[in-house]
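Colleague: Provided herewith is a single structure, encoded as structure tokens, for subsequent inquiry.
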Amino acid sequence: ESGSLYNTPPTYGIYMAKLVFEWIKELGGIKAIQKRNEEKADLLYNYIAHSDFYASPVAEDSRSIMNIPFIIPGQDLDAQFVKEAKEAKEAGLETLKGHRSVGGMRASIYNAMPVEGVEALVDFMKKFEEEHK
């Protein structure tokens, strides 16, 4: 009655969602991704817990499996850690700087981050700890 036309559906967004859903299915579904994400988080949290150089500023019952903040207590090495991690080309570590209100570092290990990426971070953390302890 008003002469308006039908809206075009957001085809790009629909297509991207289709690709993500296919990828999830290829990996074994939601439960498989959940298990993989928990394994990635456990790998990083376990290293932090057993290190006397790094610490987690988050209570164990409140921890995320997607964003894992960590600190180097008593040492002002945050900027150097972020810089060296980015310069370690073989590791490919980026965007580790912590939230501006919290400081420290933050590893974002969302669904698309492979286990190998978390392993590379832990390897870099070990090397950095050995050099700056």
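Following the order of the structure tokens, chains are lettered A, B, ..., residues in each are numbered from 1, and ligands are numbered from 1.
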Using only C-alpha atoms, which residues sit within 7 Å of range 93-107 of chain A once same-chain residues fewer than 6 positions away are excluded, as a list of chain:residue names?

Modeller: A:Asn67, A:Ile68, A:Pro69, A:Phe70, A:Ile71, A:Asp78, A:Val82, A:Ala85, A:Lys86, A:Leu121

Colleague: For the residues in the current selection, export N, CA and C atoms as an mmCIF file, in the first residue's frame.

Modeller:
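part.cif, written as the output of this step:
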data_model
loop_
_atom_site.group_PDB
_atom_site.id
_atom_site.type_symbol
_atom_site.label_atom_id
_atom_site.label_comp_id
_atom_site.auth_asym_id
_atom_site.auth_seq_id
_atom_site.Cartn_x
_atom_site.Cartn_y
_atom_site.Cartn_z
ATOM 1 N N ASN A 67 39.186 -15.886 27.121
ATOM 2 C CA ASN A 67 40.128 -14.799 27.382
ATOM 3 C C ASN A 67 40.843 -15.092 28.688
ATOM 4 N N ILE A 68 42.146 -15.295 28.590
ATOM 5 C CA ILE A 68 42.914 -15.696 29.762
ATOM 6 C C ILE A 68 43.939 -14.613 30.097
ATOM 7 N N PRO A 69 43.650 -13.833 31.130
ATOM 8 C CA PRO A 69 44.622 -12.822 31.543
ATOM 9 C C PRO A 69 45.701 -13.449 32.428
ATOM 10 N N PHE A 70 46.892 -12.896 32.333
ATOM 11 C CA PHE A 70 47.972 -13.341 33.211
ATOM 12 C C PHE A 70 48.911 -12.166 33.451
ATOM 13 N N ILE A 71 49.615 -12.242 34.566
ATOM 14 C CA ILE A 71 50.506 -11.148 34.960
ATOM 15 C C ILE A 71 51.877 -11.706 35.316
ATOM 16 N N ASP A 78 55.685 -6.185 31.384
ATOM 17 C CA ASP A 78 54.529 -6.375 30.503
ATOM 18 C C ASP A 78 54.791 -5.874 29.081
ATOM 19 N N VAL A 82 55.006 -8.191 25.592
ATOM 20 C CA VAL A 82 54.156 -7.975 24.417
ATOM 21 C C VAL A 82 55.013 -7.696 23.185
ATOM 22 N N ALA A 85 56.965 -10.882 22.123
ATOM 23 C CA ALA A 85 56.033 -11.879 21.578
ATOM 24 C C ALA A 85 55.665 -11.528 20.146
ATOM 25 N N LYS A 86 55.426 -10.264 19.899
ATOM 26 C CA LYS A 86 55.066 -9.831 18.540
ATOM 27 C C LYS A 86 56.246 -9.982 17.591
ATOM 28 N N LEU A 121 52.296 -20.077 22.366
ATOM 29 C CA LEU A 121 52.309 -19.075 23.430
ATOM 30 C C LEU A 121 53.018 -19.629 24.666
#

Colleague: From a DSSP pass on the backbone, collect the residues of range 16-114 of chain A flagged as strand (DSSP E or B) and hand them back as a ChimeraX atom specification.

Modeller: /A:55,67-71,97,105-108

Colleague: Give me, as a count of residues only, the residues of range 6-129 of chain A that a backbone DSSP run labels alpha helix (DSSP H).

Modeller: 62

Colleague: Give me the residues near His132 in chain A as a PyMOL selection string, where near means some atom within 12 Å (using only C-alpha atoms) and where sequence neighbours in that chain fewer than 2 positions away do not count.

Modeller: chain A and resi 53-54+72+75-78+80-81+84+125-130

Colleague: Could you take the residues named above and write them with all heavy atoms, as a compact mmCIF listing (two decimals), in the first residue's frame?

Modeller:
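Final file, part.txt:
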# COMPACT_ATOMS: atom_id res chain seq x y z
N PHE A 53 56.75 -17.48 37.93
CA PHE A 53 57.02 -16.21 37.24
C PHE A 53 55.71 -15.53 36.84
O PHE A 53 55.58 -14.33 36.96
CB PHE A 53 57.88 -16.50 36.01
CG PHE A 53 58.39 -15.28 35.29
CD1 PHE A 53 59.41 -14.50 35.83
CD2 PHE A 53 57.87 -14.92 34.06
CE1 PHE A 53 59.90 -13.40 35.16
CE2 PHE A 53 58.36 -13.81 33.37
CZ PHE A 53 59.37 -13.05 33.93
N TYR A 54 54.75 -16.32 36.35
CA TYR A 54 53.45 -15.80 35.92
C TYR A 54 52.40 -16.13 36.97
O TYR A 54 52.56 -17.03 37.77
CB TYR A 54 53.02 -16.44 34.59
CG TYR A 54 53.99 -16.21 33.46
CD1 TYR A 54 54.89 -17.20 33.06
CD2 TYR A 54 54.01 -15.00 32.77
CE1 TYR A 54 55.78 -16.99 32.02
CE2 TYR A 54 54.91 -14.79 31.73
CZ TYR A 54 55.78 -15.79 31.36
OH TYR A 54 56.66 -15.57 30.33
N ILE A 72 52.83 -10.79 35.37
CA ILE A 72 54.16 -11.10 35.87
C ILE A 72 54.29 -10.30 37.17
O ILE A 72 54.61 -9.11 37.14
CB ILE A 72 55.26 -10.69 34.87
CG1 ILE A 72 55.01 -11.36 33.52
CG2 ILE A 72 56.64 -11.04 35.41
CD1 ILE A 72 55.91 -10.87 32.39
N GLN A 75 57.17 -7.47 38.73
CA GLN A 75 58.14 -7.09 37.71
C GLN A 75 57.43 -6.26 36.65
O GLN A 75 56.29 -6.53 36.30
CB GLN A 75 58.76 -8.33 37.07
CG GLN A 75 59.49 -9.18 38.08
CD GLN A 75 60.28 -10.28 37.40
OE1 GLN A 75 60.77 -10.11 36.32
NE2 GLN A 75 60.40 -11.41 38.08
N ASP A 76 58.11 -5.26 36.16
CA ASP A 76 57.52 -4.38 35.15
C ASP A 76 58.00 -4.82 33.77
O ASP A 76 58.75 -4.12 33.12
CB ASP A 76 57.91 -2.93 35.45
CG ASP A 76 57.13 -1.96 34.60
OD1 ASP A 76 56.05 -2.32 34.11
OD2 ASP A 76 57.61 -0.82 34.41
N LEU A 77 57.54 -5.99 33.35
CA LEU A 77 57.98 -6.54 32.07
C LEU A 77 56.85 -6.69 31.06
O LEU A 77 57.07 -7.27 29.99
CB LEU A 77 58.63 -7.92 32.30
CG LEU A 77 59.92 -7.96 33.09
CD1 LEU A 77 60.32 -9.40 33.41
CD2 LEU A 77 61.03 -7.27 32.32
N ASP A 78 55.68 -6.19 31.38
CA ASP A 78 54.53 -6.37 30.50
C ASP A 78 54.79 -5.87 29.08
O ASP A 78 54.58 -6.60 28.11
CB ASP A 78 53.29 -5.67 31.06
CG ASP A 78 52.79 -6.28 32.35
OD1 ASP A 78 53.38 -7.28 32.81
OD2 ASP A 78 51.81 -5.76 32.90
N GLN A 80 57.57 -5.27 27.59
CA GLN A 80 58.64 -6.03 26.95
C GLN A 80 58.12 -7.40 26.49
O GLN A 80 58.46 -7.87 25.41
CB GLN A 80 59.81 -6.20 27.91
CG GLN A 80 61.02 -6.82 27.25
CD GLN A 80 62.24 -6.80 28.15
OE1 GLN A 80 62.24 -6.20 29.23
NE2 GLN A 80 63.29 -7.46 27.73
N PHE A 81 57.27 -8.04 27.31
CA PHE A 81 56.69 -9.32 26.93
C PHE A 81 55.89 -9.18 25.64
O PHE A 81 56.06 -9.96 24.70
CB PHE A 81 55.78 -9.84 28.06
CG PHE A 81 55.14 -11.17 27.76
CD1 PHE A 81 55.72 -12.35 28.19
CD2 PHE A 81 53.96 -11.25 27.04
CE1 PHE A 81 55.14 -13.57 27.92
CE2 PHE A 81 53.36 -12.46 26.75
CZ PHE A 81 53.96 -13.63 27.19
N GLU A 84 58.29 -8.47 22.62
CA GLU A 84 59.06 -9.64 22.20
C GLU A 84 58.16 -10.73 21.60
O GLU A 84 58.57 -11.41 20.66
CB GLU A 84 59.86 -10.20 23.37
CG GLU A 84 61.03 -9.32 23.75
CD GLU A 84 61.89 -9.91 24.86
OE1 GLU A 84 61.90 -11.16 25.03
OE2 GLU A 84 62.56 -9.13 25.56
N MET A 125 56.28 -18.21 26.47
CA MET A 125 56.26 -17.84 27.88
C MET A 125 57.40 -18.51 28.64
O MET A 125 58.05 -17.88 29.48
CB MET A 125 54.90 -18.21 28.51
CG MET A 125 53.75 -17.34 28.01
SD MET A 125 52.13 -17.95 28.54
CE MET A 125 52.17 -17.49 30.28
N LYS A 126 57.67 -19.77 28.33
CA LYS A 126 58.78 -20.48 28.98
C LYS A 126 60.11 -19.81 28.66
O LYS A 126 60.93 -19.58 29.55
CB LYS A 126 58.81 -21.94 28.51
CG LYS A 126 57.70 -22.79 29.06
CD LYS A 126 57.75 -24.20 28.48
CE LYS A 126 56.59 -25.05 28.97
NZ LYS A 126 56.57 -26.38 28.34
N LYS A 127 60.30 -19.49 27.39
CA LYS A 127 61.54 -18.84 26.96
C LYS A 127 61.70 -17.48 27.62
O LYS A 127 62.77 -17.14 28.14
CB LYS A 127 61.52 -18.69 25.43
CG LYS A 127 62.75 -18.06 24.84
CD LYS A 127 62.63 -18.00 23.32
CE LYS A 127 63.76 -17.19 22.75
NZ LYS A 127 63.37 -16.04 22.02
N PHE A 128 60.63 -16.71 27.65
CA PHE A 128 60.66 -15.37 28.26
C PHE A 128 60.97 -15.50 29.76
O PHE A 128 61.76 -14.72 30.30
CB PHE A 128 59.32 -14.66 28.03
CG PHE A 128 59.34 -13.22 28.43
CD1 PHE A 128 59.76 -12.25 27.53
CD2 PHE A 128 58.95 -12.81 29.70
CE1 PHE A 128 59.78 -10.90 27.89
CE2 PHE A 128 58.96 -11.48 30.06
CZ PHE A 128 59.38 -10.52 29.16
N GLU A 129 60.35 -16.46 30.40
CA GLU A 129 60.61 -16.67 31.83
C GLU A 129 62.07 -17.02 32.09
O GLU A 129 62.68 -16.46 33.00
CB GLU A 129 59.71 -17.81 32.35
CG GLU A 129 59.89 -18.11 33.81
CD GLU A 129 58.92 -19.16 34.33
OE1 GLU A 129 58.03 -19.60 33.57
OE2 GLU A 129 59.06 -19.53 35.51
N GLU A 130 62.64 -17.89 31.29
CA GLU A 130 64.05 -18.27 31.46
C GLU A 130 64.98 -17.07 31.29
O GLU A 130 65.97 -16.95 32.01
CB GLU A 130 64.43 -19.34 30.44
CG GLU A 130 63.82 -20.69 30.72
CD GLU A 130 64.02 -21.69 29.58
OE1 GLU A 130 64.74 -21.36 28.60
OE2 GLU A 130 63.42 -22.77 29.65

Colleague: Given the choices A:Ile30, A:Phe124, A:Asp61, A:Ile48, which gets closest to Glu87 in chain A if the distance is worked out from only C-alpha atoms?

Modeller: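 The answer is A:Phe124, which sits nearest to Glu87 in chain A.
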